[in-house]
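**Student:** Starting off with a structure, shown below.
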Amino acid sequence: MVSASGTRITWSELPDHVRSAVEGVLGAPVLSAVSQAGGFSPGTADRVVTATGGRAFVKAVSPAQNTRSAEMARAELRITAALPPGTPAPRLLGSFDDGDWVVLIFEDVEGRHPRTPWVEDELDAAVRALGDLARALTPAPRPDVPTVADHLGRDLDGWRRVAADPPADLDPWAAAHLDDLLAAAERARAALVGDTLTHCDIRADNMLLRPDGSLVFVDWPWGCLGPDWLDRTLLATNVLVHGGDGDRILAGLSDPGAAADLIVALTGYFIDHARLPPPPGLPTVRAFQRFQAEGLLPWLRHQVGPPAHPRGAVKPAH
């Protein structure tokens, strides 16, 4: 299994003025910092403890590590600052942006990532929590964020790029079904309409399971407007990637057919992007995209009819 993680800098590698700014927000010097695994940002992700016993989770990045990661940190700051009280997300304690370094300081949430392959009780808790999250964020507390269709943009065109320039190792089944896969991706784009503030990056490594069994959703740079079923569809995608039963999640959605179409579109994105060179500072992301594509293709084979069928043969999930 390929993990969802990259290569990070650590707290000790931050410039002195950045560490001082964090300590100013926390009101005391930082005595210890433990870097956290998971995620692809090359910036810091440290649990810190101060001289007065205070705890926090600190994320910091600059364009020197990766330009896009710094942009995403600013987007995450805008989203998390707008989340209403009671949202199952870490509370933002403060931030710092000097035009180069972007720093977000969150409460330190006690918890661990759900296990993958997913286990039933943790998956049930995630489904319930995402339902609660969608209700809490409908209508969106920040309606000026991009729509899902705008945010994903070219990501929804993965099958079109694959069809125009097939990878040498393209799965033969996918090559024979490109018309159906293209049609499903187009339907997915048309269905991504709604007034819910969605997380739009739901995976096990973007959740924390508290000791009491409740879940907290972390890493919000992709927050955008979309349908209330989007995040649960992404959960189903993550379950399928790890060999689990994603269909039972899709069956409980208001539009399981559109959700299935979106998973088809995302598979095209993973196949298309897995063949690209890795972005600066993100050496492992292409291997993870390939891992996800390989995990989803068996489900696509079950969902899509034979190539002799008319376009749009993706079946609603049962």
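Going through the structure tokens in order, the chains are called A, B, and so on, while each chain numbers its residues from 1 and the ligands are numbered from 1 in the order shown.
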Quick one: residues within 10 Å of range 249-255 of chain A, only C-alpha atoms counted, chain neighbours fewer than 5 positions away excluded, as JSON, numbers by chain?
**Tutor:** {"A": [123, 124, 127, 131, 191, 227, 228, 229, 230, 232, 233, 234, 235, 236, 237, 239, 260, 316, 317, 318]}
**Student:** Got a sec: who's within 6 Å of Leu137 in chain A, counting only C-alpha atoms, leaving out chain neighbours fewer than 2 positions off, as a list in words?
**Tutor:**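 Non-adjacent residues within range: Ala134, Arg135, Pro139, Ala140, Thr196 and Leu197 of chain A.
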**Student:** Can you pull out the residues contacting Thr52 in chain A? Cut-off 7 Å, using only C-alpha atoms, and skip same-chain residues under 2 positions away; I want them as a list in words.
**Tutor:** Ala28, Thr50 and Gly54 of chain A
**Student:** Could you save those same residues with C-alpha atoms as a PDB file, in the first residue's frame?
**Tutor:**
ATOM      1  CA  ALA A  28       4.870  31.145  25.638  1.00  0.00           C
ATOM      2  CA  THR A  50       4.839  25.380  25.277  1.00  0.00           C
ATOM      3  CA  GLY A  54      -0.136  24.793  26.208  1.00  0.00           C
TER       4      GLY A  54
END
**Student:** Name the closest residue to Phe270 in chain A among the candidates A:Asp144, A:Asp108, A:Asp155, A:Asp97; distances are taken between atoms, counting only C-alpha atoms.
**Tutor:**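 Using only C-alpha atoms, the shortest distance to Phe270 in chain A belongs to A:Asp155.
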**Student:** Please measure the separation of CA of Pro167 in chain A and CA of Ile271 in chain A, giving the value in Å to one decimal.
**Tutor:**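 Interatomic distance here is 8.5 Å.
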**Student:** Would you compute the distance between CA of Leu26 in chain A and CA of His113 in chain A? Give it in Å to one decimal.
**Tutor:** 25.6 Å
**Student:** Nearest residue to Arg203 in chain A out of A:Glu76, A:Asp219, A:Asp46, A:Asp157, using only C-alpha atoms?
**Tutor:** A:Asp219
**Student:** I need the residue nearest Leu215 in chain A from this list: A:Ala37, A:Leu77, A:Leu93, A:Val109. Use only C-alpha atoms for the distance.
**Tutor:** A:Val109
**Student:** Based on DSSP run over this structure's backbone, return all residues of range 54-268 of chain A in strand (DSSP E or B), as JSON, numbers by chain.
**Tutor:** {"A": [55, 56, 57, 58, 59, 60, 61, 92, 93, 94, 95, 96, 97, 102, 103, 104, 105, 106, 112, 147, 196, 197, 198, 207, 208, 209, 215, 216, 217, 224, 225, 226]}
**Student:** Could you name the residues that touch Ile263 in chain A at 12 Å or less, counting only C-alpha atoms, but leaving out those on the same chain fewer than 3 positions away, as a VMD selection string?
**Tutor:** chain A and resid 155 to 156 158 to 159 181 184 to 189 230 to 241 246 to 247 250 256 to 260 266 to 270 292 to 293 295 to 297 299 to 300 303 to 304 314 316 to 317
**Student:** Can you measure CA of Phe217 in chain A to CA of Arg74 in chain A for me? One decimal in Å is fine.
**Tutor:**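 Taking CA of Phe217 in chain A and CA of Arg74 in chain A, their separation equals 17.8 Å.
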**Student:** Neighbouring residues of Asp165 in chain A were defined as those with any atom within 12 Å, considering only C-alpha atoms; residues of the same chain fewer than 4 positions away were excluded. Please report them as an MDAnalysis selection string.
**Tutor:** chainID A and resid 158:161 169:170 175 271:272 275
**Student:** Those residues you just picked out, can you put them in a file as a PDB file, in the first residue's frame with C-alpha atoms?
**Tutor:**
ATOM      1  CA  GLY A 158      -8.759  13.210 -16.991  1.00  0.00           C
ATOM      2  CA  TRP A 159     -10.440  10.629 -19.232  1.00  0.00           C
ATOM      3  CA  ARG A 160     -10.483  13.124 -22.110  1.00  0.00           C
ATOM      4  CA  ARG A 161      -6.709  13.570 -21.847  1.00  0.00           C
ATOM      5  CA  ASP A 169       0.308   0.971 -19.710  1.00  0.00           C
ATOM      6  CA  LEU A 170      -3.379   1.957 -19.872  1.00  0.00           C
ATOM      7  CA  ALA A 175      -9.156   1.539 -23.203  1.00  0.00           C
ATOM      8  CA  ILE A 271      -4.618   7.730 -14.220  1.00  0.00           C
ATOM      9  CA  ASP A 272      -3.818  10.924 -16.110  1.00  0.00           C
ATOM     10  CA  ARG A 275       2.103   9.648 -15.440  1.00  0.00           C
TER      11      ARG A 275
END
**Student:** Using only C-alpha atoms for the distances, tell me which of A:Glu13, A:Glu107, A:Asp98, A:Glu122 is nearest to Val58 in chain A.
**Tutor:** A:Glu107
**Student:** Taking the chain letters and numbering used in this document, name the residues of range 98-216 of chain A that DSSP puts in alpha helix (DSSP H), as a PyMOL selection string.
**Tutor:** chain A and resi 120-136+148-152+158-164+172-176+178-191
**Student:** Go ahead and save the picked residues with C-alpha atoms, as a PDB file, in the first residue's frame.
**Tutor:**
ATOM      1  CA  GLU A 120     -16.973  -1.122  10.010  1.00  0.00           C
ATOM      2  CA  ASP A 121     -17.472   0.875  13.199  1.00  0.00           C
ATOM      3  CA  GLU A 122     -15.057   3.636  12.155  1.00  0.00           C
ATOM      4  CA  LEU A 123     -16.623   3.801   8.701  1.00  0.00           C
ATOM      5  CA  ASP A 124     -20.103   4.099  10.213  1.00  0.00           C
ATOM      6  CA  ALA A 125     -18.839   6.916  12.442  1.00  0.00           C
ATOM      7  CA  ALA A 126     -17.371   8.697   9.414  1.00  0.00           C
ATOM      8  CA  VAL A 127     -20.635   8.427   7.452  1.00  0.00           C
ATOM      9  CA  ARG A 128     -22.593   9.882  10.385  1.00  0.00           C
ATOM     10  CA  ALA A 129     -20.051  12.655  10.928  1.00  0.00           C
ATOM     11  CA  LEU A 130     -20.078  13.660   7.259  1.00  0.00           C
ATOM     12  CA  GLY A 131     -23.864  13.804   7.311  1.00  0.00           C
ATOM     13  CA  ASP A 132     -23.678  16.101  10.333  1.00  0.00           C
ATOM     14  CA  LEU A 133     -20.978  18.168   8.634  1.00  0.00           C
ATOM     15  CA  ALA A 134     -23.090  18.685   5.500  1.00  0.00           C
ATOM     16  CA  ARG A 135     -26.084  19.787   7.559  1.00  0.00           C
ATOM     17  CA  ALA A 136     -23.947  22.218   9.583  1.00  0.00           C
ATOM     18  CA  VAL A 148     -16.653  22.172  -6.854  1.00  0.00           C
ATOM     19  CA  ALA A 149     -16.809  22.182 -10.658  1.00  0.00           C
ATOM     20  CA  ASP A 150     -14.544  25.248 -10.800  1.00  0.00           C
ATOM     21  CA  HIS A 151     -12.247  23.915  -8.100  1.00  0.00           C
ATOM     22  CA  LEU A 152     -11.741  20.535  -9.727  1.00  0.00           C
ATOM     23  CA  GLY A 158      -8.759  13.210 -16.991  1.00  0.00           C
ATOM     24  CA  TRP A 159     -10.440  10.629 -19.232  1.00  0.00           C
ATOM     25  CA  ARG A 160     -10.483  13.124 -22.110  1.00  0.00           C
ATOM     26  CA  ARG A 161      -6.709  13.570 -21.847  1.00  0.00           C
ATOM     27  CA  VAL A 162      -6.233   9.813 -21.487  1.00  0.00           C
ATOM     28  CA  ALA A 163      -8.306   9.230 -24.641  1.00  0.00           C
ATOM     29  CA  ALA A 164      -6.322  11.845 -26.584  1.00  0.00           C
ATOM     30  CA  PRO A 172      -7.019  -2.694 -21.618  1.00  0.00           C
ATOM     31  CA  TRP A 173     -10.504  -2.710 -20.099  1.00  0.00           C
ATOM     32  CA  ALA A 174     -10.400   1.075 -19.630  1.00  0.00           C
ATOM     33  CA  ALA A 175      -9.156   1.539 -23.203  1.00  0.00           C
ATOM     34  CA  ALA A 176     -12.147  -0.451 -24.486  1.00  0.00           C
ATOM     35  CA  LEU A 178     -13.413   5.115 -22.976  1.00  0.00           C
ATOM     36  CA  ASP A 179     -16.708   6.322 -24.491  1.00  0.00           C
ATOM     37  CA  ASP A 180     -18.654   5.254 -21.394  1.00  0.00           C
ATOM     38  CA  LEU A 181     -16.019   6.678 -19.049  1.00  0.00           C
ATOM     39  CA  LEU A 182     -15.996  10.017 -20.886  1.00  0.00           C
ATOM     40  CA  ALA A 183     -19.792  10.214 -20.739  1.00  0.00           C
ATOM     41  CA  ALA A 184     -19.834   9.497 -17.002  1.00  0.00           C
ATOM     42  CA  ALA A 185     -17.271  12.231 -16.351  1.00  0.00           C
ATOM     43  CA  GLU A 186     -19.383  14.764 -18.256  1.00  0.00           C
ATOM     44  CA  ARG A 187     -22.467  13.831 -16.250  1.00  0.00           C
ATOM     45  CA  ALA A 188     -20.463  14.195 -13.043  1.00  0.00           C
ATOM     46  CA  ARG A 189     -19.451  17.741 -13.945  1.00  0.00           C
ATOM     47  CA  ALA A 190     -23.078  18.724 -14.583  1.00  0.00           C
ATOM     48  CA  ALA A 191     -24.215  17.249 -11.259  1.00  0.00           C
TER      49      ALA A 191
END
**Student:** Identify which of the residues A:Val103, A:Leu276, A:Ala265, A:Ala21 lies closest to Ala75 in chain A, counting only C-alpha atoms when measuring atom-to-atom distances.
**Tutor:**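 Of all the options, A:Val103 lies closest to Ala75 in chain A.
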